[in-house]
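In what follows, a single structure is set out as structure tokens and then discussed.
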Amino acid sequence: MVPNLSRMMRTVIAPCKSSAWPVMVESSLKKSRSLALLLSEWHHDVTDRSSLSRKLLNQLRGSKFAVSASLALVSVVTFDFFKTANTSSLTIIFGAYSSIFAELLLWKRWKHLGMCLSTLSDIVGAVEDNVNPDLWALGRNRARAHRLRRSLYLAFGWLTVVSILRMDVLVPPVWARSMAGNLARASGLDEDVCFSLVHVTKTVLDVVGSLCCLTAFYTFVPCVLLMYSACAFAHKAVGERLMGSGSVVQAVELQNAVLKITIAIDSVITDLLPHVLVATVFMPLITTSQMVVSGDFNPFDFVGGVPILSVFVPLFEAGDDLAASRLQVAELAGFGPWLERSPRQRGLVVGAMRCAAGVGGLPRFRGFGSINRHACLQALKSWFSFLQMLLNLRKID
């Protein structure tokens, strides 16, 4: 975990909660604060532990139980992989590996994540109260898109759990019979009873472990996408204000708040993000390679191949949108009313333009670099080149 994370979060986030950006408390404003309201709902979803259902949900996606269940899933599936060399098992291993790091974040850093969501909700709420209709509509459309994306993630998560359950029920593990025989000789029970016991135990571990993994993974991913999108929306508002004739001081304060919350978000997730993205790269690579080499299509291959389109590409697009929106602040500020502003105001605008042209706080992770469209295209190009090599090898055979 990141050392002194709590202290750094207090120093970064505390200045963002200024009186210039009021907290969202008036119910009459909630209809106009679509994106801020969604961030507030996510804050409640991540931090609320009051009711029994919320406690159960947090046990499934971010707790010692969730991590233990995921590790048990990895152990069982790894044993199955060494016995059968099944590529579906290898796909599950990579998916569980990534999900464990999402569980660790929701277990150990849920307070920090909640602080980021709460502060970002305050900032975006203040922006939506004083923004032109076009930008307000953009925020509303982004909120609708994120609600739809989360529903799709939820449906896909349940589809994955059902696929794993179907695979366990219809295709018992080949090693279960030998293990049942050893268990029957050791316990004196009937071999068929022991076989059913081994089969049911494996199925339960697979289903519970996959349920914990997918709940954590598809909570972490849409939350990150939403925060990146909200920061990009706020940067667009900064550019609009600097281009207009409004208060330069308020625009610079808003930019300062957005940059600080972006750095705070980066400090919470940047060291875990590479591990979470492992599944989005290796799962599609394994499933598509298996289909290309064998020529057979397994329904579970669809589950393993989708993450590169449903998670990897949207995440890099969100990072690219955040970087482009931040750079756009400098471009829009250049079209502002320079002659109408005082020397001090012009100096503030120049400082804002220099901050907008920086790269600190932009989405990135070690080993890959910046999370933007160029990096996404390079990764997809390498992926398709590998598949093309497998196709050429198959033609030779």
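Chains: A, B, ... in order of the structure tokens. Residues: from 1 per chain. Ligands: from 1, in order shown.
Residues in contact with A:Ala375 at up to 12 Å, not including ones fewer than 2 positions away on its chain and judged by only C-alpha atoms, are Phe312, Val313, Leu315, Phe316, Glu317, Gly319, Asp320, Pro363, Arg364, Phe365, Gly367, Phe368, Gly369, Ser370, Ile371, Asn372, Arg373, Leu377, Gln378, Ala379, Leu380, Lys381 and Ser382 of chain A.
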File of the preceding selection, C-alpha atoms, as a PDB file, in the first residue's frame:
ATOM      1  CA  PHE A 312      -9.505  -1.892 -21.724  1.00  0.00           C
ATOM      2  CA  VAL A 313     -10.601   0.371 -24.584  1.00  0.00           C
ATOM      3  CA  LEU A 315     -10.478   3.044 -19.811  1.00  0.00           C
ATOM      4  CA  PHE A 316      -7.877   4.280 -22.273  1.00  0.00           C
ATOM      5  CA  GLU A 317     -10.492   6.440 -24.015  1.00  0.00           C
ATOM      6  CA  GLY A 319      -7.750   8.714 -19.956  1.00  0.00           C
ATOM      7  CA  ASP A 320      -7.361  10.272 -23.388  1.00  0.00           C
ATOM      8  CA  PRO A 363      -3.789   8.723 -15.875  1.00  0.00           C
ATOM      9  CA  ARG A 364      -0.823   6.397 -16.166  1.00  0.00           C
ATOM     10  CA  PHE A 365       0.729   3.293 -14.673  1.00  0.00           C
ATOM     11  CA  GLY A 367       5.304  -0.449 -17.251  1.00  0.00           C
ATOM     12  CA  PHE A 368       2.895   1.011 -19.799  1.00  0.00           C
ATOM     13  CA  GLY A 369       3.049   4.767 -19.548  1.00  0.00           C
ATOM     14  CA  SER A 370       0.187   7.177 -20.135  1.00  0.00           C
ATOM     15  CA  ILE A 371      -3.350   5.889 -20.485  1.00  0.00           C
ATOM     16  CA  ASN A 372      -4.432   7.490 -23.741  1.00  0.00           C
ATOM     17  CA  ARG A 373      -5.648   6.656 -27.231  1.00  0.00           C
ATOM     18  CA  LEU A 377      -3.880   1.678 -30.407  1.00  0.00           C
ATOM     19  CA  GLN A 378      -0.337   0.408 -29.880  1.00  0.00           C
ATOM     20  CA  ALA A 379      -1.580  -2.310 -27.528  1.00  0.00           C
ATOM     21  CA  LEU A 380      -4.324  -3.383 -29.931  1.00  0.00           C
ATOM     22  CA  LYS A 381      -1.842  -3.386 -32.809  1.00  0.00           C
ATOM     23  CA  SER A 382       0.481  -5.722 -30.878  1.00  0.00           C
TER      24      SER A 382
END
Contacts of stretch 65-136 of chain A with stretch 204-220 of chain A up to 10 Å, shortest pair per row, only C-alpha atoms, as a Markdown table:
| residue | atom | partner | partner_atom | distance |
| --- | --- | --- | --- | --- |
| A:Phe65 | CA | A:Cys212 | CA | 8.8 |
| A:Ala66 | CA | A:Cys212 | CA | 5.5 |
| A:Val67 | CA | A:Cys212 | CA | 8.0 |
| A:Ser68 | CA | A:Gly209 | CA | 8.4 |
| A:Ala69 | CA | A:Gly209 | CA | 4.8 |
| A:Ser70 | CA | A:Gly209 | CA | 4.7 |
| A:Leu71 | CA | A:Gly209 | CA | 7.8 |
| A:Ala72 | CA | A:Leu205 | CA | 6.9 |
| A:Leu73 | CA | A:Gly209 | CA | 5.3 |
| A:Val74 | CA | A:Gly209 | CA | 8.4 |
| A:Ser75 | CA | A:Leu205 | CA | 9.9 |
| A:Val76 | CA | A:Asp206 | CA | 7.8 |
| A:Val77 | CA | A:Asp206 | CA | 8.0 |
| A:Ile92 | CA | A:Ser210 | CA | 8.5 |
| A:Gly95 | CA | A:Cys213 | CA | 7.8 |
| A:Ala96 | CA | A:Cys213 | CA | 6.0 |
| A:Tyr97 | CA | A:Cys213 | CA | 8.7 |
| A:Ser98 | CA | A:Phe217 | CA | 7.7 |
| A:Ser99 | CA | A:Cys213 | CA | 4.9 |
| A:Ile100 | CA | A:Cys213 | CA | 6.7 |
| A:Phe101 | CA | A:Phe217 | CA | 8.6 |
| A:Ala102 | CA | A:Ala216 | CA | 5.7 |
| A:Glu103 | CA | A:Ala216 | CA | 5.4 |
| A:Leu104 | CA | A:Ala216 | CA | 9.0 |
| A:Leu105 | CA | A:Phe220 | CA | 8.3 |
| A:Leu106 | CA | A:Ala216 | CA | 7.4 |
| A:Trp107 | CA | A:Ala216 | CA | 9.7 |
Report as a PyMOL selection string all protein, DNA and RNA residues lying within 12 Å of A:Ala234, evaluated on only C-alpha atoms, omitting residues in the same chain fewer than 6 positions from it.
chain A and resi 35-36+120-128+130-131+135-136+138-139+227-228+240-241+251-259+261-262+321-322+325-326+328-329
Taking 5 positions as the minimum chain separation for residues in the same chain, which residues sit within 7 Å of A:Ala333 when counting only C-alpha atoms? Answer as a list of chain:residue names.
A:Gly239, A:Leu242, A:Met243, A:Val349, A:Met353
Taking only stretch 19-144 of chain A into account, list the residues labelled helix (DSSP H, G or I) by DSSP (computed from the backbone), as a ChimeraX atom specification.
/A:27-29,34-47,52-61,64-84,87-108,110-129,133-144
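In this comparison, which uses only C-alpha atoms, the residue of A:Val359, A:Cys376, A:Leu387, A:Val303 approaching A:Ala155 most closely is A:Val303.
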Mind checking which residues fall within 12 Å of A:Arg150, counting only C-alpha atoms, ignoring those fewer than 2 positions away in the same chain, and posting them as a short mmCIF file (atom, residue, chain, number, x, y, z; two decimals) with N, CA and C atoms, in the first residue's frame?
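Wrote result-v2.cif, looks like this:
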data_model
loop_
_atom_site.label_atom_id
_atom_site.label_comp_id
_atom_site.auth_asym_id
_atom_site.auth_seq_id
_atom_site.Cartn_x
_atom_site.Cartn_y
_atom_site.Cartn_z
N LEU A 38 -24.80 11.53 -9.67
CA LEU A 38 -24.28 10.18 -9.89
C LEU A 38 -23.02 9.95 -9.04
N TRP A 42 -22.45 7.16 -6.09
CA TRP A 42 -21.30 6.26 -6.01
C TRP A 42 -20.60 6.40 -4.67
N ALA A 143 -23.60 11.28 -17.56
CA ALA A 143 -24.20 10.56 -16.43
C ALA A 143 -25.08 9.41 -16.94
N ARG A 144 -25.86 9.67 -17.98
CA ARG A 144 -26.70 8.60 -18.55
C ARG A 144 -25.85 7.47 -19.11
N ALA A 145 -24.77 7.82 -19.80
CA ALA A 145 -23.90 6.79 -20.38
C ALA A 145 -23.26 5.93 -19.30
N HIS A 146 -22.87 6.54 -18.19
CA HIS A 146 -22.25 5.77 -17.12
C HIS A 146 -23.27 4.88 -16.41
N ARG A 147 -24.49 5.34 -16.28
CA ARG A 147 -25.52 4.47 -15.70
C ARG A 147 -25.77 3.26 -16.60
N LEU A 148 -25.83 3.49 -17.90
CA LEU A 148 -26.02 2.39 -18.84
C LEU A 148 -24.84 1.44 -18.82
N LEU A 152 -24.74 -2.63 -17.98
CA LEU A 152 -24.15 -3.63 -18.87
C LEU A 152 -23.08 -4.45 -18.16
N TYR A 153 -22.27 -3.79 -17.33
CA TYR A 153 -21.27 -4.52 -16.55
C TYR A 153 -21.93 -5.51 -15.60
N LEU A 154 -23.03 -5.09 -14.98
CA LEU A 154 -23.74 -5.98 -14.07
C LEU A 154 -24.28 -7.20 -14.81
N ALA A 155 -24.86 -6.97 -15.98
CA ALA A 155 -25.38 -8.08 -16.77
C ALA A 155 -24.26 -9.02 -17.22
N PHE A 156 -23.14 -8.45 -17.64
CA PHE A 156 -22.03 -9.27 -18.08
C PHE A 156 -21.42 -10.05 -16.92
N GLY A 157 -21.38 -9.44 -15.73
CA GLY A 157 -20.87 -10.15 -14.57
C GLY A 157 -21.71 -11.36 -14.23
N THR A 215 -17.89 -8.94 -8.62
CA THR A 215 -18.49 -7.80 -7.91
C THR A 215 -17.47 -6.71 -7.66
N PHE A 217 -14.50 -6.32 -9.32
CA PHE A 217 -13.95 -5.83 -10.59
C PHE A 217 -14.89 -4.84 -11.25
N TYR A 218 -16.18 -5.19 -11.30
CA TYR A 218 -17.14 -4.32 -11.97
C TYR A 218 -17.72 -3.25 -11.04
N THR A 219 -17.14 -3.10 -9.87
CA THR A 219 -17.33 -1.89 -9.07
C THR A 219 -16.17 -0.94 -9.29
N PHE A 220 -14.97 -1.49 -9.30
CA PHE A 220 -13.76 -0.68 -9.46
C PHE A 220 -13.72 -0.01 -10.84
N VAL A 221 -13.96 -0.76 -11.90
CA VAL A 221 -13.79 -0.23 -13.25
C VAL A 221 -14.76 0.92 -13.56
N PRO A 222 -16.08 0.76 -13.38
CA PRO A 222 -16.96 1.91 -13.69
C PRO A 222 -16.73 3.10 -12.77
N CYS A 223 -16.28 2.85 -11.54
CA CYS A 223 -15.98 3.96 -10.63
C CYS A 223 -14.81 4.78 -11.17
N VAL A 224 -13.76 4.12 -11.63
CA VAL A 224 -12.61 4.83 -12.20
C VAL A 224 -13.01 5.58 -13.46
N LEU A 225 -13.78 4.93 -14.31
CA LEU A 225 -14.24 5.59 -15.55
C LEU A 225 -15.06 6.84 -15.23
N LEU A 226 -15.91 6.75 -14.23
CA LEU A 226 -16.74 7.89 -13.86
C LEU A 226 -15.89 9.04 -13.33
N SER A 310 -14.78 -4.04 -23.50
CA SER A 310 -15.68 -3.46 -22.51
C SER A 310 -14.94 -2.72 -21.39
N VAL A 311 -13.65 -3.02 -21.18
CA VAL A 311 -12.91 -2.40 -20.08
C VAL A 311 -11.65 -1.70 -20.58
#
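Interatomic distance, atom CA of A:Trp158 against atom CA of A:Asp271: 27.9 Å.
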Need to verify the contact set: A:Pro337, 10 Å, only C-alpha atoms, exclusion of same-chain residues closer than 3 positions in sequence. Can you return it as a PyMOL selection string?
chain A and resi 242-246+333-334+340-341+346
How many Å separate atom CA of A:Arg149 from atom CA of A:Leu37?
16.4 Å
Taking 4 positions as the minimum chain separation for residues in the same chain, which residues sit within 10 Å of A:His43 when counting only C-alpha atoms? Answer as a PyMOL selection string.
chain A and resi 37-39+47-48+110-111+113-121+223
Output N, CA, C and O atoms of each residue in that selection to a file, as a compact mmCIF listing (two decimals), in the first residue's frame.
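Printed below is result28.txt as written:
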# COMPACT_ATOMS: atom_id res chain seq x y z
N LEU A 37 -24.86 14.24 -9.04
CA LEU A 37 -25.74 13.32 -8.33
C LEU A 37 -25.26 11.88 -8.48
O LEU A 37 -25.30 11.09 -7.52
N LEU A 38 -24.80 11.53 -9.67
CA LEU A 38 -24.28 10.18 -9.89
C LEU A 38 -23.02 9.95 -9.04
O LEU A 38 -22.84 8.87 -8.46
N LEU A 39 -22.15 10.93 -8.95
CA LEU A 39 -20.96 10.81 -8.10
C LEU A 39 -21.36 10.66 -6.63
O LEU A 39 -20.74 9.89 -5.89
N THR A 47 -19.19 3.85 0.41
CA THR A 47 -18.93 4.09 1.84
C THR A 47 -20.04 3.60 2.76
O THR A 47 -19.78 3.42 3.96
N ASP A 48 -21.25 3.39 2.26
CA ASP A 48 -22.36 3.02 3.14
C ASP A 48 -22.20 1.58 3.62
O ASP A 48 -22.05 0.65 2.83
N TRP A 110 -11.27 2.10 0.84
CA TRP A 110 -12.62 2.56 0.51
C TRP A 110 -12.87 3.96 1.08
O TRP A 110 -13.61 4.76 0.50
N LYS A 111 -12.23 4.29 2.21
CA LYS A 111 -12.40 5.64 2.76
C LYS A 111 -11.75 6.68 1.86
O LYS A 111 -12.32 7.76 1.63
N LEU A 113 -11.18 6.34 -1.37
CA LEU A 113 -11.99 6.41 -2.59
C LEU A 113 -13.26 7.22 -2.35
O LEU A 113 -13.68 8.02 -3.20
N GLY A 114 -13.87 7.05 -1.18
CA GLY A 114 -15.06 7.82 -0.84
C GLY A 114 -14.77 9.31 -0.73
O GLY A 114 -15.58 10.14 -1.15
N MET A 115 -13.60 9.66 -0.18
CA MET A 115 -13.21 11.07 -0.10
C MET A 115 -13.07 11.68 -1.49
O MET A 115 -13.49 12.82 -1.74
N CYS A 116 -12.47 10.93 -2.41
CA CYS A 116 -12.33 11.42 -3.79
C CYS A 116 -13.69 11.63 -4.43
O CYS A 116 -13.93 12.66 -5.08
N LEU A 117 -14.59 10.67 -4.28
CA LEU A 117 -15.92 10.78 -4.88
C LEU A 117 -16.71 11.93 -4.28
O LEU A 117 -17.40 12.67 -5.00
N SER A 118 -16.62 12.11 -2.96
CA SER A 118 -17.36 13.19 -2.31
C SER A 118 -16.85 14.55 -2.76
O SER A 118 -17.64 15.45 -3.10
N THR A 119 -15.54 14.73 -2.79
CA THR A 119 -14.98 16.01 -3.20
C THR A 119 -15.27 16.30 -4.67
O THR A 119 -15.62 17.42 -5.05
N LEU A 120 -15.14 15.28 -5.51
CA LEU A 120 -15.42 15.46 -6.93
C LEU A 120 -16.89 15.77 -7.16
O LEU A 120 -17.24 16.57 -8.05
N SER A 121 -17.78 15.20 -6.35
CA SER A 121 -19.20 15.51 -6.46
C SER A 121 -19.48 16.97 -6.12
O SER A 121 -20.28 17.64 -6.79
N CYS A 223 -16.28 2.85 -11.54
CA CYS A 223 -15.98 3.96 -10.63
C CYS A 223 -14.81 4.78 -11.17
O CYS A 223 -14.86 6.02 -11.17
